[in-house]
Every structure is written in structure tokens, then in C-alpha cells.
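**Student:** The following file, structure.txt, comprises compact mmCIF, C-alpha atoms:
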```
# COMPACT_ATOMS: atom_id res chain seq x y z
CA MET P 91 11.78 -30.20 -27.23
CA LYS P 92 10.91 -33.13 -25.00
CA ILE P 93 11.11 -32.61 -21.23
CA THR P 94 12.29 -35.68 -19.38
CA LYS P 95 11.73 -36.70 -15.76
CA LYS P 96 15.32 -35.73 -15.10
CA ASP P 97 14.59 -32.19 -16.32
CA VAL P 98 11.51 -31.95 -14.10
CA ALA P 99 13.53 -33.10 -11.09
CA PHE P 100 16.17 -30.46 -11.87
CA PHE P 101 13.52 -27.72 -12.10
CA HIS P 102 12.12 -28.78 -8.72
CA LEU P 103 15.63 -28.69 -7.30
CA LEU P 104 15.94 -25.07 -8.46
CA LEU P 105 12.78 -24.28 -6.50
CA ALA P 106 14.11 -25.87 -3.32
CA PRO P 107 16.03 -22.82 -1.91
CA GLY P 108 13.00 -20.56 -2.33
CA LEU P 109 10.69 -23.14 -0.76
CA VAL P 110 13.03 -23.56 2.20
CA LEU P 111 13.15 -19.79 2.79
CA LEU P 112 9.36 -19.61 2.47
CA LEU P 113 8.98 -22.39 5.02
CA LEU P 114 11.42 -20.85 7.49
CA PHE P 115 10.27 -17.24 7.31
CA ALA P 116 6.59 -17.46 6.33
CA TYR P 117 5.11 -20.71 7.67
CA LEU P 118 7.08 -21.74 10.75
CA PRO P 119 6.64 -18.30 12.40
CA MET P 120 2.86 -18.79 12.15
CA PHE P 121 3.18 -21.03 15.20
CA GLY P 122 3.54 -17.77 17.14
CA ILE P 123 -0.20 -17.16 16.66
CA VAL P 124 -0.71 -19.10 19.91
CA ILE P 125 0.61 -16.03 21.79
CA ALA P 126 -2.75 -14.37 21.07
CA PHE P 127 -4.37 -16.87 23.44
CA GLN P 128 -1.75 -16.73 26.18
CA ASN P 129 -0.31 -14.45 28.82
CA PHE P 130 2.97 -14.98 27.08
CA ASN P 131 6.10 -15.02 29.20
CA PRO P 132 9.35 -15.15 27.15
CA SER P 133 11.09 -17.06 29.95
CA LYS P 134 8.42 -19.81 29.85
CA GLY P 135 7.99 -19.95 26.07
CA PHE P 136 4.99 -21.08 24.05
CA ILE P 137 4.45 -24.34 25.91
CA PHE P 138 4.41 -23.24 29.53
CA SER P 139 2.85 -19.77 29.28
CA GLU P 140 -0.60 -19.36 30.80
CA TRP P 141 -3.52 -19.91 28.41
CA VAL P 142 -6.26 -17.25 28.60
CA GLY P 143 -8.38 -18.09 25.54
CA LEU P 144 -10.11 -15.05 24.01
CA GLU P 145 -9.37 -12.76 26.94
CA HIS P 146 -7.08 -10.54 24.86
CA VAL P 147 -9.71 -10.17 22.15
CA ARG P 148 -12.34 -9.10 24.67
CA PHE P 149 -9.93 -6.69 26.32
CA LEU P 150 -8.97 -5.25 22.93
CA PHE P 151 -12.51 -4.08 22.18
CA GLU P 152 -12.80 -2.54 25.64
CA LEU P 153 -9.84 -0.23 25.05
CA PRO P 154 -10.89 3.35 24.14
CA ASP P 155 -8.23 3.69 21.42
CA THR P 156 -9.14 0.57 19.46
CA PHE P 157 -12.01 1.89 17.35
CA GLN P 158 -10.26 5.21 16.70
CA THR P 159 -7.21 3.30 15.47
CA ILE P 160 -9.34 1.15 13.16
CA ARG P 161 -11.12 4.24 11.87
CA ASN P 162 -7.80 6.01 11.20
CA THR P 163 -6.49 2.95 9.34
CA ILE P 164 -9.54 2.65 7.09
CA GLU P 165 -9.74 6.39 6.35
CA ILE P 166 -6.05 6.77 5.52
CA SER P 167 -5.87 3.59 3.44
CA LEU P 168 -9.03 4.47 1.48
CA MET P 169 -7.67 7.93 0.68
CA LYS P 170 -4.40 6.39 -0.42
CA ILE P 171 -6.16 3.81 -2.57
CA VAL P 172 -8.36 6.37 -4.33
CA ALA P 173 -5.54 8.84 -4.91
CA GLY P 174 -3.20 6.02 -5.87
CA LEU P 175 -5.63 4.86 -8.55
CA VAL P 176 -6.58 8.23 -10.01
CA MET P 177 -3.11 9.78 -10.27
CA PRO P 178 -1.40 6.96 -12.24
CA VAL P 179 -4.29 6.79 -14.71
CA VAL P 180 -4.25 10.55 -15.33
CA PHE P 181 -0.47 10.65 -15.60
CA ALA P 182 -0.39 7.67 -17.98
CA LEU P 183 -2.97 9.37 -20.22
CA PHE P 184 -0.94 12.58 -20.35
CA LEU P 185 2.34 10.75 -20.91
CA ASN P 186 0.76 8.70 -23.67
CA GLU P 187 0.03 11.91 -25.58
CA ALA P 188 3.72 12.91 -25.65
CA ARG P 189 5.26 12.42 -29.06
CA LEU P 190 8.98 12.61 -28.19
CA MET P 191 10.14 9.17 -27.09
CA TRP P 192 13.18 10.47 -25.19
CA PHE P 193 10.93 12.83 -23.24
CA LYS P 194 8.53 10.02 -22.29
CA ARG P 195 11.36 7.76 -21.14
CA THR P 196 13.04 10.52 -19.15
CA VAL P 197 9.85 11.57 -17.36
CA GLN P 198 8.87 7.98 -16.67
CA SER P 199 12.29 7.24 -15.15
CA LEU P 200 12.16 10.35 -12.95
CA VAL P 201 8.71 9.60 -11.50
CA TYR P 202 9.64 5.93 -11.09
CA LEU P 203 12.76 6.70 -9.02
CA PRO P 204 11.07 7.53 -5.63
CA HIS P 205 9.63 4.02 -5.49
CA PHE P 206 13.12 2.69 -4.71
CA LEU P 207 13.77 5.08 -1.82
CA SER P 208 12.90 3.97 1.70
CA TRP P 209 10.65 6.01 3.96
CA VAL P 210 13.61 6.52 6.28
CA ILE P 211 15.32 8.57 3.57
CA LEU P 212 12.15 10.27 2.35
CA GLY P 213 11.08 11.03 5.91
CA GLY P 214 14.31 12.92 6.55
CA ILE P 215 13.90 14.82 3.29
CA MET P 216 10.31 15.76 4.13
CA VAL P 217 11.28 16.99 7.59
CA ASP P 218 13.93 19.24 6.05
CA VAL P 219 11.62 20.54 3.32
CA LEU P 220 8.36 20.92 5.28
CA SER P 221 9.63 21.87 8.72
CA ILE P 222 8.05 25.00 10.16
CA ASN P 223 11.48 26.17 11.29
CA GLY P 224 13.62 26.71 8.24
CA GLY P 225 11.86 24.31 5.88
CA ALA P 226 12.23 25.29 2.22
CA PHE P 227 8.49 25.09 1.53
CA ASN P 228 7.51 27.30 4.47
CA GLN P 229 10.27 29.76 3.63
CA ALA P 230 8.76 30.05 0.15
CA LEU P 231 5.31 30.67 1.68
CA GLU P 232 6.69 33.40 3.94
CA ALA P 233 8.41 35.01 0.95
CA ILE P 234 5.03 35.52 -0.75
CA GLY P 235 3.32 36.68 2.44
CA VAL P 236 1.57 33.43 3.41
CA ASN P 237 1.69 32.09 6.97
CA PRO P 238 3.81 28.92 7.35
CA ILE P 239 2.00 25.59 7.73
CA PHE P 240 2.78 23.32 10.66
CA PHE P 241 2.66 20.06 8.67
CA PHE P 242 4.00 17.89 11.49
CA GLY P 243 1.83 19.39 14.22
CA ASP P 244 -1.56 19.95 12.57
CA GLU P 245 -3.69 16.80 12.22
CA PHE P 246 -5.42 17.97 9.03
CA TRP P 247 -2.24 18.98 7.19
CA PHE P 248 -0.37 15.93 8.42
CA ARG P 249 -2.93 13.63 6.81
CA ILE P 250 -2.79 15.63 3.59
CA MET P 251 1.00 15.33 3.63
CA ILE P 252 0.76 11.58 4.24
CA ILE P 253 -1.54 11.04 1.25
CA ILE P 254 0.36 13.30 -1.16
CA SER P 255 3.77 11.91 -0.25
CA ASP P 256 2.55 8.32 -0.63
CA VAL P 257 1.09 9.06 -4.07
CA TRP P 258 4.28 10.88 -5.10
CA LYS P 259 6.39 7.89 -4.07
CA GLU P 260 4.32 5.15 -5.69
CA PHE P 261 2.38 6.55 -8.65
CA GLY P 262 5.34 6.19 -11.02
CA PHE P 263 5.47 2.47 -10.34
CA SER P 264 1.71 2.10 -10.85
CA THR P 265 1.85 4.12 -14.05
CA ILE P 266 3.79 1.30 -15.72
CA VAL P 267 0.73 -0.95 -15.53
CA TYR P 268 -1.48 1.56 -17.33
CA LEU P 269 1.17 2.42 -19.92
CA ALA P 270 1.40 -1.30 -20.70
CA ALA P 271 -2.39 -1.44 -21.01
CA LEU P 272 -2.34 1.49 -23.42
CA THR P 273 -0.03 -0.40 -25.78
CA SER P 274 -2.68 -3.13 -26.15
CA ILE P 275 -5.21 -0.75 -27.73
CA ASN P 276 -5.56 -1.31 -31.46
CA PRO P 277 -4.00 1.68 -33.37
CA ALA P 278 -6.61 1.18 -36.10
CA LEU P 279 -9.22 2.59 -33.72
CA TYR P 280 -7.33 5.89 -33.52
CA GLU P 281 -6.87 5.98 -37.29
CA ALA P 282 -10.58 5.42 -37.86
CA ALA P 283 -11.42 8.11 -35.31
CA ALA P 284 -9.01 10.56 -37.02
CA ILE P 285 -10.70 9.93 -40.37
CA ASP P 286 -14.05 10.70 -38.73
CA GLY P 287 -12.64 14.01 -37.45
CA ALA P 288 -12.29 13.11 -33.77
CA THR P 289 -10.19 15.41 -31.60
CA ARG P 290 -7.53 14.20 -29.17
CA TRP P 291 -9.92 14.65 -26.28
CA GLN P 292 -12.61 12.59 -28.05
CA LYS P 293 -10.08 9.83 -28.80
CA THR P 294 -9.13 9.76 -25.13
CA VAL P 295 -12.73 9.64 -23.90
CA TYR P 296 -14.12 7.15 -26.41
CA ILE P 297 -11.09 4.95 -27.18
CA THR P 298 -8.28 5.24 -24.64
CA ILE P 299 -10.24 5.22 -21.37
CA PRO P 300 -12.60 2.36 -22.42
CA GLY P 301 -9.52 0.48 -23.64
CA ILE P 302 -7.83 0.52 -20.23
CA LEU P 303 -11.05 0.34 -18.18
CA PRO P 304 -10.69 -3.41 -17.49
CA VAL P 305 -7.22 -2.79 -16.03
CA ILE P 306 -8.57 0.08 -13.91
CA VAL P 307 -11.33 -2.18 -12.59
CA LEU P 308 -8.79 -4.93 -11.91
CA MET P 309 -6.43 -2.65 -9.97
CA SER P 310 -9.36 -1.19 -8.04
CA THR P 311 -10.69 -4.55 -6.94
CA LEU P 312 -7.26 -5.94 -6.04
CA SER P 313 -6.57 -2.89 -3.88
CA LEU P 314 -9.44 -3.87 -1.57
CA GLY P 315 -7.12 -6.33 0.13
CA ASN P 316 -4.97 -3.42 1.36
CA ILE P 317 -7.70 -1.52 3.20
CA LEU P 318 -6.14 -2.40 6.56
CA ASN P 319 -2.60 -1.60 5.36
CA ALA P 320 -2.25 2.16 5.71
CA GLY P 321 1.55 2.19 5.44
CA PHE P 322 3.47 1.43 8.62
CA ASP P 323 6.90 2.52 7.30
CA GLN P 324 5.66 5.92 6.23
CA ILE P 325 3.61 6.81 9.30
CA PHE P 326 6.12 5.37 11.76
CA ASN P 327 8.89 7.56 10.33
CA LEU P 328 6.76 10.73 10.23
CA TYR P 329 4.18 10.77 13.03
CA ASN P 330 4.64 12.24 16.51
CA PRO P 331 2.57 12.67 19.72
CA MET P 332 0.97 15.88 18.38
CA VAL P 333 -0.82 14.05 15.56
CA ILE P 334 -1.01 10.51 16.92
CA SER P 335 -4.75 10.65 17.66
CA SER P 336 -5.63 11.05 13.97
CA THR P 337 -2.82 9.04 12.35
CA ASP P 338 -2.27 6.10 14.67
CA ILE P 339 -3.01 2.99 12.58
CA ILE P 340 -3.29 -0.70 13.42
CA ASP P 341 0.34 -1.46 12.58
CA THR P 342 1.78 1.34 14.73
CA TYR P 343 -0.65 0.35 17.48
CA ILE P 344 0.68 -3.22 17.35
CA TYR P 345 4.25 -1.91 17.42
CA ARG P 346 3.66 0.14 20.55
CA MET P 347 1.70 -2.59 22.35
CA GLY P 348 4.08 -5.41 21.49
CA LEU P 349 7.60 -3.99 21.36
CA ILE P 350 7.34 -0.94 23.62
CA GLN P 351 4.77 -1.98 26.24
CA ALA P 352 5.64 -5.71 26.01
CA GLN P 353 1.97 -6.75 25.81
CA TYR P 354 2.77 -9.65 23.51
CA GLY P 355 -0.56 -11.44 23.77
CA LEU P 356 -2.63 -8.34 23.08
CA SER P 357 -0.50 -7.20 20.13
CA THR P 358 -0.57 -10.70 18.62
CA ALA P 359 -4.36 -10.78 18.99
CA ILE P 360 -4.63 -7.49 17.13
CA GLY P 361 -2.37 -8.76 14.37
CA LEU P 362 -4.33 -12.00 14.12
CA ILE P 363 -7.65 -10.19 13.76
CA LYS P 364 -6.15 -7.90 11.13
CA SER P 365 -4.77 -10.89 9.20
CA MET P 366 -8.13 -12.67 9.27
CA ILE P 367 -9.97 -9.61 7.98
CA GLY P 368 -7.25 -9.03 5.38
CA PHE P 369 -7.59 -12.63 4.18
CA VAL P 370 -11.34 -12.20 3.71
CA LEU P 371 -10.79 -8.93 1.83
CA ILE P 372 -8.17 -10.51 -0.44
CA VAL P 373 -10.50 -13.40 -1.29
CA LEU P 374 -13.31 -10.90 -1.96
CA SER P 375 -11.07 -8.76 -4.15
CA TYR P 376 -10.03 -11.72 -6.29
CA ARG P 377 -13.67 -12.81 -6.60
CA LEU P 378 -14.59 -9.34 -7.82
CA ALA P 379 -11.57 -9.22 -10.15
CA SER P 380 -12.58 -12.57 -11.62
CA ARG P 381 -16.16 -11.43 -12.12
CA TYR P 382 -15.68 -7.90 -13.45
CA ALA P 383 -12.17 -7.95 -14.99
CA ASN P 384 -11.88 -11.62 -16.01
CA TYR P 385 -8.72 -11.92 -13.89
CA ARG P 386 -7.84 -15.33 -12.48
CA ILE P 387 -4.80 -16.79 -10.79
CA PHE P 388 -6.00 -20.38 -10.59
```
Please render this file's structure as C-alpha cells.
**Tutor:**
Amino acid sequence: MKITKKDVAFFHLLLAPGLVLLLLFAYLPMFGIVIAFQNFNPSKGFIFSEWVGLEHVRFLFELPDTFQTIRNTIEISLMKIVAGLVMPVVFALFLNEARLMWFKRTVQSLVYLPHFLSWVILGGIMVDVLSINGGAFNQALEAIGVNPIFFFGDEFWFRIMIIISDVWKEFGFSTIVYLAALTSINPALYEAAAIDGATRWQKTVYITIPGILPVIVLMSTLSLGNILNAGFDQIFNLYNPMVISSTDIIDTYIYRMGLIQAQYGLSTAIGLIKSMIGFVLIVLSYRLASRYANYRIF
């Protein structure tokens, strides 16, 4: 089938609505970066607000909460990344061993479902289930003689809850990637291993895991770009003043500074620094993915 210039023009016309939306909502708002270098006054706008240069950046690193917030962000995101990589791989390996197709599809659909629920809904469910006053989980603990756990008031347990709930919500979606990778393994390898007397465990260790190892390396390297994204939606809907010192992350810090305290220049400066570091990490992750997993976009 020969593609004419008219066809090419039509295909570009189909792209036009998406490009317009991208321009309006992704590129034009970038002009707001100038707020990071101003004492921004909404009544004066971008043009007439006072320019202060790097004053907000210097002030940012003088604040006592800044380094604790960065530390919280990195710790929480690293724990999420590690748990979010291990759990889908383990689950995919177990699900791959199931022989009943209807069982595999049913389980996969059930674990995939939480991905589509917002943290507003899940946050309400978690409060009802894990609350120290009448929560189903704590009632079960009391029934077996165990003291209830104050998940929303204890910094240690709150972090544990954050990590587990994030993995529970997202691991079903990530599992799809590894299940797809498992289908690419040559069945002849398993047949040859069975002839040689290999057990299921030996097949998993010597065939299955090496077969999906490039995908594991790829997902690991690509996740580096999310080190500064610890999950604003989740933490914003769950945290409170009792645990804020250990769970306040960069995004919630920006929210409080910009929208609550109206320090527009400072919050924009924080966001700009985060974006610059995130850009470097994304470039680094793609370099590593290209080198160790042979993954390229361009």
C-alpha cells in the first residue's frame, strides 16, 4: 500500500488536537518558572513583580525543614521502588505456575483492580479499616489479645502503612509487564529441563528468572527517575500533624508553601529544583537502560 502526501497530511491533522493540548497544558505553563526568581504578586503579574534572582533558592536551603523533607522524600520513594519491584516479580512467578487459566485470569483481574481507584477512595477505606477507634484490623487484634496499633499517629507504622498500601495498589499493574516477559521465554527450554530431571524450583531459578532478568533491570533503571516522586496523592490524603515530621515530602511541602502560605516564589523555586534533578535522573536512567537492558526510545 502506497502512502501519498495527502495521507501524511491527514495523519498530521489527526495529531493536531493532541499537540494543541500538549502546547496549552504542558509548554505554555512553563512560563510560570519565572515566579521562582520573583517576589510574585498576583495583582502585578509576571511582568511587574519584583525580581529577586536566586534569593528564594538561598532562603530555601536556610530553612530547617528543607533537608528533612528531602530525606523523607528519598527514603519513602526508595522503599516504594524496591518493594514495587520485588512484589510484582514474585507474584508473576507464582501466578505463572498456576495451571488453571480461569484462576490466573481471575486473580490477575482482582489484583489489577486497585490501580484504578483514586487515593481519595482508598484513603477513606484505610481510615475505616485501620483506625484505632473501631477499625476492623485493630478490632481483630484486640480479639486475639494484641494491643491495637495507632497507624495514623505512630511515625514508624505510618510509613509501613504507606509502603504496603502503595504496593498493594500498584503491583497488579506492574505484574502485567513481567507476565508479558514470561511469555517470551522459549518453551523448549522447559521441555529440555524436564527431560534432564529439573524440578519446578530449578526451572524457575535457571530458566524463568534469567529469562525476565533484562526486563527487571530495565524496570529498575527506569524507576530511578521517580526517586523524588514519593506519591503526593497518597500522602496528602493520609498524613496528619502527628506524623508530618517523618512523612512530609517535597510535593506536600510545595503545596503548603504555595497554596496555603501563599509563598509563590519559594514554592516555585522548590518545584524548579525538583524538576531539574528529576530531569537529570531520567536522563541517567535511560542511559543505564540503554547500556544494561538494550532499551532505547530514540
**Student:** Can you pull out every residue within 10 Å of P:Pro331, counting all atoms listed in the file, but drop anything in the same chain fewer than 6 positions away, and send it as a CSV table (one decimal) with C-alpha atoms, keeping the file's coordinate frame?
**Tutor:**
```
chain,number,residue,atom,x,y,z
P,242,PHE,CA,4.0,17.9,11.5
P,243,GLY,CA,1.8,19.4,14.2
P,337,THR,CA,-2.8,9.0,12.4
P,338,ASP,CA,-2.3,6.1,14.7
```
**Student:** List the spatial neighbours of stretch 173-179 of chain P as a VMD selection string - criterion: any atom at most 12 Å away, all atoms listed in the file, same-chain residues fewer than 5 positions off excluded.
**Tutor:** chain P and resid 166 to 168 184 to 186 198 201 to 202 250 252 to 272 294 298 to 299 302 to 303 305 to 314
**Student:** Which polymer residues have any atom within 7 Å of an atom of stretch 212-220 of chain P, counting all atoms listed in the file, with same-chain residues fewer than 6 positions away left out, as a list in words?
**Tutor:**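 Final neighbour list, sorted by chain and number: Ala226, Phe227, Asn228, Phe241, Asn327 and Leu328 of chain P.
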**Student:** Store the residues of this selection in a file with C-alpha atoms, as an mmCIF file, keeping the file's coordinate frame.
**Tutor:**
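again-v5.cif written:
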```cif
data_model
loop_
_atom_site.group_PDB
_atom_site.id
_atom_site.type_symbol
_atom_site.label_atom_id
_atom_site.label_comp_id
_atom_site.auth_asym_id
_atom_site.auth_seq_id
_atom_site.Cartn_x
_atom_site.Cartn_y
_atom_site.Cartn_z
ATOM 1 C CA ALA P 226 12.230 25.290 2.220
ATOM 2 C CA PHE P 227 8.490 25.090 1.530
ATOM 3 C CA ASN P 228 7.510 27.300 4.470
ATOM 4 C CA PHE P 241 2.660 20.060 8.670
ATOM 5 C CA ASN P 327 8.890 7.560 10.330
ATOM 6 C CA LEU P 328 6.760 10.730 10.230
#
```
**Student:** Show which residues sit within 10 Å of P:Phe246, as a PDB file with C-alpha atoms, in the coordinates of the input. Count only C-alpha atoms, and ignore same-chain residues fewer than 6 positions away.
**Tutor:**
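Written file, out.pdb:
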```
ATOM      1  CA  PHE P 240       2.780  23.320  10.660  1.00  0.00           C
ATOM      2  CA  VAL P 333      -0.820  14.050  15.560  1.00  0.00           C
ATOM      3  CA  SER P 336      -5.630  11.050  13.970  1.00  0.00           C
ATOM      4  CA  THR P 337      -2.820   9.040  12.350  1.00  0.00           C
TER       5      THR P 337
END
```
**Student:** What is the atom CA of P:Pro154 to atom CA of P:Ser335 distance in Å?
**Tutor:**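 Pair atom CA of P:Pro154 / atom CA of P:Ser335 returns 11.5 Å.
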**Student:** Which neighbours of P:Gln128 fall inside 8 Å, counting all atoms listed in the file, when residues of the same chain fewer than 4 positions from it are skipped, and could you give them as a list in words?
**Tutor:**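 Residues meeting the cut-off are Val124, Ser139, Glu140, Trp141, Val142, Gly143 and Gly355 of chain P.
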**Student:** Just checking: using all atoms listed in the file, which residue out of P:Asn129, P:Ser375, P:Ser357, P:Gln292 ends up closest to P:Tyr343?
**Tutor:**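 The shortest atom-to-atom distance to P:Tyr343 comes from P:Ser357.
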